[in-house]
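Enquirer: The structure that follows is given in the form of C-alpha cells.
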Amino acid sequence: MTELEPLLSVRDLRVRFGTKRGTAHVVNGLTYDVTAGETVAIVGESGSGKSVGVTSLMGLVRQPPGRVEGEAWFEGRNLIGAPSEVLRGIRGNRMAMIFQDPMTSLNPVLTIGRQLGESVRLHQGLSKRQADDRSVELLDLVGIPAARSRLSDYPHRFSGGMRQRVMIAMGLSTNPSLLIADEPTTALDVTTQAQIVELVQGLQEQFGMAILWITHDLGVVAGLAHRVLVMYAGRIIESGTVRHVMQDPRHPYTRGLLASLPRPGVDRPDRLFAIPGLPPDPVALPPGCPFWERCSYRLDERERDVLPELREVEPGHSVRCLYDVPVEVSA
Amino acid sequence: MVIAMFGVSVIVFALVHMIPGDPVRNSLGTRFNQELYDRKRAEAGLDKPLLEQFVRWIGNAVRLDLGESFRSNRSVTSVVIERLPATLSLALAALVVALLIALPVGLLSAVKSGSKLDYAATAASQVGVSIPDFWSGIMYILLFALTLSWLPPSDYESPLNDPVEFLRHLVLPAVTVGLVSGSILTRFVRSAVLEALNQDYVRTAMAKGLSDRQIVFRHVVPNAAIPIVTVIGLQLGFLLGGVVVVEVIFAWPGVGRLALNAVGDRDYTVLQGAVLYLAFTFLVVNLLVDILYHVIDPRAELS
Amino acid sequence: MSAVFEGGAVAAPLRGRRAEVWSAVISNRLALGGLVVLGLLVVAAVVGPTLAPYGVNEQVILDRFSGPSWDHWFGTDDLGRDVFSRALVAARGSLQVGAIAVGIALGLGVPIGLVSGYYGGATDAVLMRLMDIVFSFPAILLAIAVVAVRGPGLGNAMIAIGIVYMPIFARITRGSVITVRSEVYVRAARSLGATDARILRKHILPNIVAPIIVQTSLSLAFAILSEAALSFLGLGVQPPQPSWGRMLADGRGFIKQAPWIGIFPGLAILATVMAFNLVGDGLRDALDPRQKSVIESRGQNV
C-alpha cells in the first residue's frame with residue numbers, strides 16, 4: 001500500500017432498519033475516504049445517520065433489524081459483510097471507537113485497570129502485569145495524575161472529563177490506525193470539551209492515527225479537523241477542508257448551521273437563528289433533495305423530486321445541491 | 001434492626017395473647033384440677049398483668065430463654081432448635097433447586113431475548129409462579145411416591161442416621177418449593193441480565209472486540225449479580241420460615257409446622273418462640289443481604 | 001433490600017391513554033387469554049350455583065369415588081358429591097376473599113404510602129418501619145395468627161390476607177409518590193398555593209395509579225393463592241361452603257384411589273392465579289414497559 005492510498009475507503013454505504021412503521025433508511029450512500037493521519041469530522045444533527053454511519057463500519061449494527069450494504073475498505077479488507085471473527089479482531093485493535101457518554105460507557109463494577117488493559121490483553125496477548133504497565137503509560141499520556149494508584153479505582157471515582165480521558169486511553173491502548181470518536185465531548189462542559197480536544201490533537205501529533213470525529217458542534221470541528229463531511233438525511237451534502245466548509249459553505253444547510261452559531265457582539269441579542277422545519281422522517285424520505293422543504297434557496301418547483309449528485313465546486317470541495325448558491329462574503 | 005425486632009416482638013406477643021383459649025387449661029386437658037391449674041398459671045406468670053408478662057418474656061428472650069412449652073413442658077428454645085436442621089435443610093435444598101433452574105434459564109433467556117427459548121422459558125415461569133405448592137406437592141407424591149414408588153411420600157430422616165434416606169426424603173419437598181422459587185428467580189434473573197445488557201458499557205466492550213461470551217461473563221454478569229444476590233437473599237429469608245403448607249403435606253418437622261400446631265394447641269410460648277425465631281431469621285438474612293450488597297457493589301460505600 | 005421493592009416508576013397519566021392501554025392489553029395474547037379466564041371465573045362466581053349440574057352438597061353414596069365421566073365431569077368425591085359443581089361454586093368464595101382482601105390491603109396500604117411518601121421525615125420513617133415489621137412475618141404465618149385470634153372463616157381470612165398485603169401497596173405507593181413529588185408540576189402547584197390535600201388529589205394520585213393497578217392484579221393472584229392455602233389448613237372458608245383449598249385437603253386423603261378429587265381443584269387454583277398474573281403482566285407492559293417488575297416474591301406468601 002502506497003502512502004497515498006486511503007486508510008479507509010467507504011463506498012456507497014447504506015444502512016436500513018426494519019421498524020413497525022416501515023423501513024427506515026438511515027444511511028443512504030455514504031462515500032468518502034480517510035487518509036492515514038488525517039482528522040475527518042462528520043457533522044450533522046440527530047437523526048442524520050452520522051452515528052450509524054460509523055458504527056456500521058465496526059460491525060456494531062445488529063442485522064436484523066438492520067441491514068448494512070455497500071463497501072468499507074480498511075487495511076485491505078472489506079468490513080461490510082466480513083465474518084464476525086475478522087471484525088472482532090479489528091475492533092479495539094486496528095480500529096478503536098470512543099463513545100458519547102463517559103458516565104455510562106465504563107463498567108461500574110470493574111476497576112479502571114482491568115478495563116484499560118482488556119484490549120491489549122485480548123489483542124496482543126499481554127500478561128496482567130504488562131497490561132498494567134501499559135495502562136499506567138496510557139493514563140500518564142492522557143493526563144491523569146497518580147496513574148499507578150488509579151488503576152485499582154472504580155469508575156465512579158472519576159469525574160466526567162477524566163472518564164472520557166480514560167476512554168481515550170482505552171481506545172489508544174493498541175495503537176490503532178483509526179480512531180472513531182462518536183460525539184465524545186457532547187456530554188461535557190465547555191472547558192472540559194476544550195481540554196479533551198486539545199488532548200486528542202496532541203495525541204494525534206504523537207501517534208499519527210487517523211481520526212473520524214462525529215459531532216454536531218461546529219466549534220469543535222474548527223479546532224480539530226482537517227476535512228469536514230456534512231451529513232443530512234443519511235447523505236453527505238457537503239465535503240471539503242475545514243476552511244472550505246466553515247468559511248465558504250455552499251450548501252444551504254451548511255450555511256444554516258453556521259448561521260445558527262451564536263456570535264456575541266455580532267448577532268442581535270434578542271433572536272437566535274434556527275433553520276426552520278425538521279429533518280425528514282427516515283421511513284418516509286422524499287425522492288428528491290432531502291433539504292428541499294426547509295431550503296430558502298430553492299428556485300424551481302419542478303425540481304422538487306430531483307436528487308442532486310455531489311459535484312465539485314472547487315478542488316477538494318464538493319456539494320450536493322441543485323443550484324449554484326452564490327458565494328457569500330462572510331465576516 | 002433492633003427496633004424492627006422489638007416491634008416484631010410486640011406484635012407477636014400481642015397477637016398470641018389475643019388468641020382465645022387458655023393454654024394452661026388446654027395443656028391439662030382431662031386432668032383438670034383447680035389447684036393444679038392455679039399453680040401452673042402462677043408458675044407461668046399468667047396471673048400477672050400483661051405488661052409485666054411482656055417485659056419478663058422479653059428479658060428472658062434476650063437471654064435465649066423463651067420459656068417452656070405448655071404442652072410438653074420442654075424449653076421452647078430446645079423445641080425450636082430441634083426443628084432447625086429440618087427447616088434449614090429444606091430451605092437450602094429448595095434454594096439449590098431454584099438456582100439450578102433460575103440461573104441458566106434466566107441468563108439464556110435474557111441473552112437470547114425474543115427467541116423461542118425465551119418465550120418458552122417465560123411461559124414456563126409464568127406457570128411455575130402460579131402453581132399452588134400444596135397442590136403440586138400432592139401431585140408429586142402421587143406420581144413419584146405412590147404410583148412409581150421411586151421416592152418416599154413423606155417424613156424426615158436425619159442425615160446423621162442415614163444420609164441416603166435423608167436425601168431421598170428431601171427430594172420431593174425441595175423440588176416442590178424449589179420449582180416455585182425457581183420460577184420467581186428466573187424472571188428476576190432474566191430482567192436483571194436484560195437491564196445490564198442494555199447498558200452503554202456493553203457497547204464499549206463490543207467495540208473493543210470482545211466475543212459475546214466474554215462480554216456476558218466478564219461485564220454483564222458481575223453487574224446483574226448485584227440485584228440478583230439481593231433477591232436470592234430475600235428468597236432464602238422467606239424459605240427459612242414460610243413453607244408451612246409444604247411441611248404439612250410432607251410431614252416435615254420444620255419450624256413452620258411447629259408454629260401451626262402450637263396455634264391449635266394454644267401453646268403460647270412455643271408459638272411466640274417459633275414466630276419470633278422466624279421473624280428474626282428473616283430480619284437477619286435481610287441485614288446480611290444489605291451488607292453483602294455493599295460489599296459487591298463498589299459504588300455503595302459501606303456505612 | 002429496599003432496592004428491590006421500590007418499583008416507583010411512574011407512567012403518563014391514565015386519563016388520556018385509556019383506549020391506548022386497553023388496546024395494548026388486548027393485543028397481548030397471553031393477557032387476553034387471562035382476561036377470558038377471568039371472565040369465566042366471574043361468571044362462575046356469580047351464577048355458579050344456578051349453572052352447577054348438581055347440588056353442592058348433594059350426596060349420592062352409590063356413586064362415590066367415580067372417576068371423570070360424562071355424568072360427572074370431574075368425578076365424584078368420597079361422599080358422592082359432584083366435584084365439578086363444587087369446584088364451580090367454590091369460585092365465588094375464592095374470588096370474594098381475594099377481592100376483599102386486596103381491597104383491604106389497598107385501602108390501608110395506599111393511604112399509608114401516600115402519607116409516608118408525601119410528608120417524608122419522621123412520619124415516613126415510622127410508617128415504613130411498621131410496614132417492614134409486618135413484612136418480616138412470613139405471610140402465611142401472619143395470616144394463620146390473625147385467623148387464630150379471630151377464628152376461622154371467610155371474613156377473617158379476608159382480613160388476615162389484607163393485612164399481609166398491606167405493606168407492599170404501601171411501599172409501591174410511597175415509591176411512586178416520592179418520584180412524582182419532585183416533579184416540576186408539583187412544585188409549581190405548591191408555589192401557586194395549592195393545599196396538600198389538593199396536590200395529593202389532583203396531581204399525585206392520577207400519576208401513581210398505574211403501578212398500583214398492576215400491583216392489584218398481581219396481588220389478587222396471590223391473595224387467591226393464600227386463601228386457598230388457608231382453606232387447605234382448615235382456616236379459611238368453612239364447610240358447607242365449598243372452597244378449592246378445602247377440597248384439596250379432603251382430596252389428599254384419597255389421593256391414591258381417587259386422585260381427581262384433588263387434581264381438579266388444584267387446577268382451578270392454578271388457572272385462576274395464572275389468569276391474574278397474565279393480566280397483571282399485560283397491564284404492566286401496556287402501562288409502562290420500563291417499570292421494574294416488582295418481585296413481590298410470590299415468595300412472600302404460601
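Residues in the C-alpha cells are numbered from 1 in each chain, the chains being A, B, ... in the order shown, and ligands are numbered from 1 in the order shown.
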Show me, as a list in words, the residues of chain C whose atoms get within 6 Å of chain B, using only C-alpha atoms for the distance check.
Expert: Ile133, Ser136, Phe137, Pro138, Ala148, Val149, Gly266, Leu270, Val273 and Met274 of chain C
Enquirer: Can I get the selection written as a PDB file, in the first residue's frame, with C-alpha atoms?
Expert:
```pdb
ATOM      1  CA  ILE C 133     -42.217  -5.257  60.655  1.00  0.00           C
ATOM      2  CA  SER C 136     -40.952  -9.528  58.003  1.00  0.00           C
ATOM      3  CA  PHE C 137     -43.540 -12.048  59.075  1.00  0.00           C
ATOM      4  CA  PRO C 138     -43.807 -14.998  56.777  1.00  0.00           C
ATOM      5  CA  ALA C 148     -56.255 -17.894  65.114  1.00  0.00           C
ATOM      6  CA  VAL C 149     -57.079 -14.763  67.015  1.00  0.00           C
ATOM      7  CA  GLY C 266     -55.742 -27.563  42.217  1.00  0.00           C
ATOM      8  CA  LEU C 270     -53.644 -22.713  39.078  1.00  0.00           C
ATOM      9  CA  VAL C 273     -53.799 -17.430  39.692  1.00  0.00           C
ATOM     10  CA  MET C 274     -52.221 -17.647  36.305  1.00  0.00           C
TER      11      MET C 274
END
```
Enquirer: Determine, counting only C-alpha atoms, which protein, DNA and RNA residues have an atom within 7 Å of an atom of stretch 203-211 of chain B; residues of the same chain fewer than 5 positions away are not included. Present the result as number ranges by chain.
Expert: A: 88-89, 91-92, 96-97, 105, 119
Enquirer: Have a look at atom CA of B:Ala224 and atom CA of A:Asn107 and let me know their distance in Å, one decimal.
Expert: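 Straight-line distance from atom CA of B:Ala224 to atom CA of A:Asn107 works out to 11.6 Å.
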Enquirer: Enumerate the residues of stretch 94-151 of chain B with a DSSP assignment of alpha helix (DSSP H), computed from the backbone, and present them as a PyMOL selection string.
Expert: chain B and resi 94-111+116-130+133-140
Enquirer: With C-alpha atoms retained, write the just-selected residues as a short mmCIF file (atom, residue, chain, number, x, y, z; two decimals), in the first residue's frame.
Expert:
```
data_model
loop_
_atom_site.label_atom_id
_atom_site.label_comp_id
_atom_site.auth_asym_id
_atom_site.auth_seq_id
_atom_site.Cartn_x
_atom_site.Cartn_y
_atom_site.Cartn_z
CA ALA B 94 -35.05 -25.68 47.76
CA LEU B 95 -32.76 -22.75 47.09
CA VAL B 96 -30.30 -25.01 45.31
CA VAL B 97 -33.06 -26.38 43.12
CA ALA B 98 -34.28 -22.87 42.45
CA LEU B 99 -30.85 -21.62 41.46
CA LEU B 100 -30.17 -24.60 39.28
CA ILE B 101 -33.20 -23.61 37.31
CA ALA B 102 -33.13 -19.86 37.50
CA LEU B 103 -29.51 -19.04 36.77
CA PRO B 104 -29.00 -20.83 33.49
CA VAL B 105 -32.54 -20.34 32.21
CA GLY B 106 -32.74 -16.70 33.21
CA LEU B 107 -29.36 -15.92 31.72
CA LEU B 108 -30.03 -17.69 28.44
CA SER B 109 -33.45 -16.15 28.24
CA ALA B 110 -32.05 -12.68 28.51
CA VAL B 111 -29.15 -13.21 26.17
CA LYS B 116 -38.33 -19.28 21.07
CA LEU B 117 -36.31 -20.30 24.08
CA ASP B 118 -37.11 -17.03 25.74
CA TYR B 119 -40.84 -17.37 25.13
CA ALA B 120 -40.84 -20.93 26.33
CA ALA B 121 -38.95 -20.03 29.47
CA THR B 122 -41.17 -17.07 30.20
CA ALA B 123 -44.28 -19.16 29.71
CA ALA B 124 -42.92 -21.90 31.90
CA SER B 125 -42.06 -19.50 34.68
CA GLN B 126 -45.50 -17.93 34.43
CA VAL B 127 -46.94 -21.32 35.13
CA GLY B 128 -44.40 -22.06 37.81
CA VAL B 129 -45.20 -18.90 39.68
CA SER B 130 -48.90 -19.67 39.65
CA ASP B 133 -47.24 -25.56 46.03
CA PHE B 134 -49.52 -27.53 48.29
CA TRP B 135 -51.16 -28.93 45.23
CA SER B 136 -48.02 -29.67 43.27
CA GLY B 137 -46.57 -31.36 46.32
CA ILE B 138 -49.52 -33.69 46.44
CA MET B 139 -49.21 -34.34 42.73
CA TYR B 140 -45.55 -35.23 43.06
#
```
Enquirer: Which chain A residues are at most 10 Å from chain B (counting only C-alpha atoms), as a ChimeraX atom specification?
Expert: /A:55,58-60,84-93,95-111,115,118-120,122-123,153-157,167,170-171
Enquirer: Export C-alpha atoms of the chosen residues as a PDB file, in the first residue's frame?
Expert:
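Below is the file result-v4.pdb, written as the result:
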```pdb
ATOM      1  CA  THR A  55     -20.947   2.028  14.000  1.00  0.00           C
ATOM      2  CA  MET A  58     -17.252  -1.651  13.118  1.00  0.00           C
ATOM      3  CA  GLY A  59     -19.960  -4.208  12.660  1.00  0.00           C
ATOM      4  CA  LEU A  60     -21.828  -2.937  15.689  1.00  0.00           C
ATOM      5  CA  SER A  84     -17.554 -11.617  12.846  1.00  0.00           C
ATOM      6  CA  GLU A  85     -14.259 -13.141  13.939  1.00  0.00           C
ATOM      7  CA  VAL A  86     -12.487 -10.907  11.475  1.00  0.00           C
ATOM      8  CA  LEU A  87     -14.354  -7.855  12.653  1.00  0.00           C
ATOM      9  CA  ARG A  88     -13.686  -8.689  16.271  1.00  0.00           C
ATOM     10  CA  GLY A  89     -10.031  -8.913  15.503  1.00  0.00           C
ATOM     11  CA  ILE A  90     -10.097  -5.419  14.064  1.00  0.00           C
ATOM     12  CA  ARG A  91     -12.335  -3.793  16.633  1.00  0.00           C
ATOM     13  CA  GLY A  92     -10.469  -2.381  19.538  1.00  0.00           C
ATOM     14  CA  ASN A  93      -7.266  -3.293  17.800  1.00  0.00           C
ATOM     15  CA  MET A  95      -9.800   0.488  14.707  1.00  0.00           C
ATOM     16  CA  ALA A  96     -10.983   1.858  18.006  1.00  0.00           C
ATOM     17  CA  MET A  97     -14.090   3.738  18.990  1.00  0.00           C
ATOM     18  CA  ILE A  98     -14.938   6.044  21.847  1.00  0.00           C
ATOM     19  CA  PHE A  99     -18.459   6.991  22.707  1.00  0.00           C
ATOM     20  CA  GLN A 100     -20.518   9.865  23.835  1.00  0.00           C
ATOM     21  CA  ASP A 101     -21.422   9.390  27.435  1.00  0.00           C
ATOM     22  CA  PRO A 102     -18.401   8.759  29.633  1.00  0.00           C
ATOM     23  CA  MET A 103     -20.567   8.326  32.690  1.00  0.00           C
ATOM     24  CA  THR A 104     -22.196   5.171  31.431  1.00  0.00           C
ATOM     25  CA  SER A 105     -19.658   3.863  28.969  1.00  0.00           C
ATOM     26  CA  LEU A 106     -17.455   2.383  31.621  1.00  0.00           C
ATOM     27  CA  ASN A 107     -18.409  -0.713  33.548  1.00  0.00           C
ATOM     28  CA  PRO A 108     -19.084   0.387  37.128  1.00  0.00           C
ATOM     29  CA  VAL A 109     -18.096  -2.829  38.813  1.00  0.00           C
ATOM     30  CA  LEU A 110     -14.721  -3.344  37.184  1.00  0.00           C
ATOM     31  CA  THR A 111     -11.591  -1.406  38.038  1.00  0.00           C
ATOM     32  CA  GLN A 115     -10.942  -2.162  31.673  1.00  0.00           C
ATOM     33  CA  GLU A 118      -8.652  -5.511  28.377  1.00  0.00           C
ATOM     34  CA  SER A 119      -7.872  -4.580  24.792  1.00  0.00           C
ATOM     35  CA  VAL A 120      -4.174  -5.212  24.908  1.00  0.00           C
ATOM     36  CA  LEU A 122      -7.172  -9.555  24.205  1.00  0.00           C
ATOM     37  CA  HIS A 123      -5.459  -8.480  21.021  1.00  0.00           C
ATOM     38  CA  ASP A 153     -10.018   2.595  41.387  1.00  0.00           C
ATOM     39  CA  TYR A 154     -13.539   2.196  40.114  1.00  0.00           C
ATOM     40  CA  PRO A 155     -15.105   4.476  37.529  1.00  0.00           C
ATOM     41  CA  HIS A 156     -17.334   6.283  39.950  1.00  0.00           C
ATOM     42  CA  ARG A 157     -14.266   7.842  41.474  1.00  0.00           C
ATOM     43  CA  MET A 167     -11.932   6.125  27.340  1.00  0.00           C
ATOM     44  CA  MET A 170      -8.579   2.687  26.241  1.00  0.00           C
ATOM     45  CA  GLY A 171      -9.034   3.432  22.596  1.00  0.00           C
TER      46      GLY A 171
END
```
Enquirer: Show which residues sit within 9 Å of B:Pro253, as a VMD selection string. Count only C-alpha atoms, and ignore same-chain residues fewer than 2 positions away.
Expert: chain B and resid 82 to 84 86 to 87 155 to 156 247 to 248 250 to 251 255 to 258
Enquirer: Report the distance between atom CA of A:Thr192 and atom CA of A:Gly49 in Å, rounded to one decimal place.
Expert: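 Computing the Euclidean distance for atom CA of A:Thr192 and atom CA of A:Gly49 yields 26.2 Å.
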Enquirer: Got a sec: who's within 10 Å of C:Gly251, counting only C-alpha atoms, leaving out chain neighbours fewer than 6 positions off, as JSON, numbers by chain?
Expert: {"B": [138], "C": [77, 78, 245, 257, 258, 259, 260, 261, 262, 263, 264, 265]}
Enquirer: With distances taken over only C-alpha atoms, which of A:Ala259, A:Val283, A:Ala187, A:Val136 is nearest to A:Gly234?
Expert: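 Among the listed residues, A:Val283 lies closest to A:Gly234.
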Enquirer: Using only C-alpha atoms, determine which residues lie at most 12 Å from A:Met209, disregarding the query and same-chain residues fewer than 6 positions distant; provide the list as a PyMOL selection string.
Expert: chain A and resi 7-8+34-40+94-96+171-172+174-180+200-203
Enquirer: Next, dump the selected residues to file, keeping only N, CA and C atoms, as a short mmCIF file (atom, residue, chain, number, x, y, z; two decimals), in the first residue's frame.
Expert:
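Now in selection.cif:
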```
data_model
loop_
_atom_site.label_atom_id
_atom_site.label_comp_id
_atom_site.auth_asym_id
_atom_site.auth_seq_id
_atom_site.Cartn_x
_atom_site.Cartn_y
_atom_site.Cartn_z
N LEU A 7 -6.57 5.09 4.04
CA LEU A 7 -6.63 4.12 5.12
C LEU A 7 -8.01 3.46 5.12
N LEU A 8 -9.01 4.31 4.96
CA LEU A 8 -10.38 3.83 4.99
C LEU A 8 -11.08 4.32 3.73
N VAL A 34 -10.61 8.26 4.04
CA VAL A 34 -9.84 8.84 5.13
C VAL A 34 -8.40 8.42 4.93
N THR A 35 -7.50 9.39 4.85
CA THR A 35 -6.10 9.00 4.71
C THR A 35 -5.44 8.93 6.07
N ALA A 36 -4.36 8.19 6.11
CA ALA A 36 -3.66 7.99 7.38
C ALA A 36 -3.29 9.33 7.99
N GLY A 37 -3.53 9.46 9.27
CA GLY A 37 -3.10 10.66 9.98
C GLY A 37 -3.98 11.86 9.85
N GLU A 38 -5.04 11.78 9.07
CA GLU A 38 -5.87 12.98 8.97
C GLU A 38 -7.08 12.87 9.88
N THR A 39 -7.63 14.02 10.21
CA THR A 39 -8.82 14.04 11.04
C THR A 39 -9.99 14.49 10.19
N VAL A 40 -10.97 13.63 10.09
CA VAL A 40 -12.16 13.97 9.32
C VAL A 40 -13.32 14.13 10.29
N ARG A 94 -7.15 -2.53 15.51
CA ARG A 94 -6.69 -1.64 14.46
C ARG A 94 -7.58 -0.42 14.35
N MET A 95 -8.82 -0.59 14.80
CA MET A 95 -9.80 0.49 14.71
C MET A 95 -10.45 0.58 16.08
N ALA A 96 -10.40 1.73 16.67
CA ALA A 96 -10.98 1.86 18.01
C ALA A 96 -12.06 2.92 18.01
N GLY A 171 -9.00 3.53 24.04
CA GLY A 171 -9.03 3.43 22.60
C GLY A 171 -7.64 3.37 22.00
N LEU A 172 -6.70 4.08 22.60
CA LEU A 172 -5.37 4.12 22.03
C LEU A 172 -4.47 2.99 22.47
N THR A 174 -4.08 -0.01 21.92
CA THR A 174 -3.47 -0.94 20.97
C THR A 174 -2.87 -0.25 19.76
N ASN A 175 -2.71 1.06 19.86
CA ASN A 175 -2.14 1.79 18.73
C ASN A 175 -2.92 1.61 17.44
N PRO A 176 -4.18 1.92 17.48
CA PRO A 176 -4.98 1.72 16.27
C PRO A 176 -4.58 2.70 15.18
N SER A 177 -4.85 2.36 13.94
CA SER A 177 -4.55 3.31 12.88
C SER A 177 -5.73 4.25 12.65
N LEU A 178 -6.89 3.87 13.15
CA LEU A 178 -8.05 4.74 13.01
C LEU A 178 -8.78 4.83 14.34
N LEU A 179 -9.05 6.02 14.77
CA LEU A 179 -9.83 6.22 16.00
C LEU A 179 -11.15 6.87 15.60
N ILE A 180 -12.24 6.25 15.96
CA ILE A 180 -13.55 6.83 15.68
C ILE A 180 -14.09 7.41 16.98
N VAL A 200 -6.64 15.27 22.39
CA VAL A 200 -6.68 14.41 21.21
C VAL A 200 -5.76 14.94 20.12
N GLN A 201 -5.75 16.23 19.98
CA GLN A 201 -4.84 16.81 18.98
C GLN A 201 -3.41 16.40 19.25
N GLY A 202 -3.04 16.58 20.52
CA GLY A 202 -1.67 16.24 20.89
C GLY A 202 -1.37 14.78 20.64
N LEU A 203 -2.30 13.93 20.96
CA LEU A 203 -2.08 12.51 20.77
C LEU A 203 -1.94 12.16 19.30
#
```
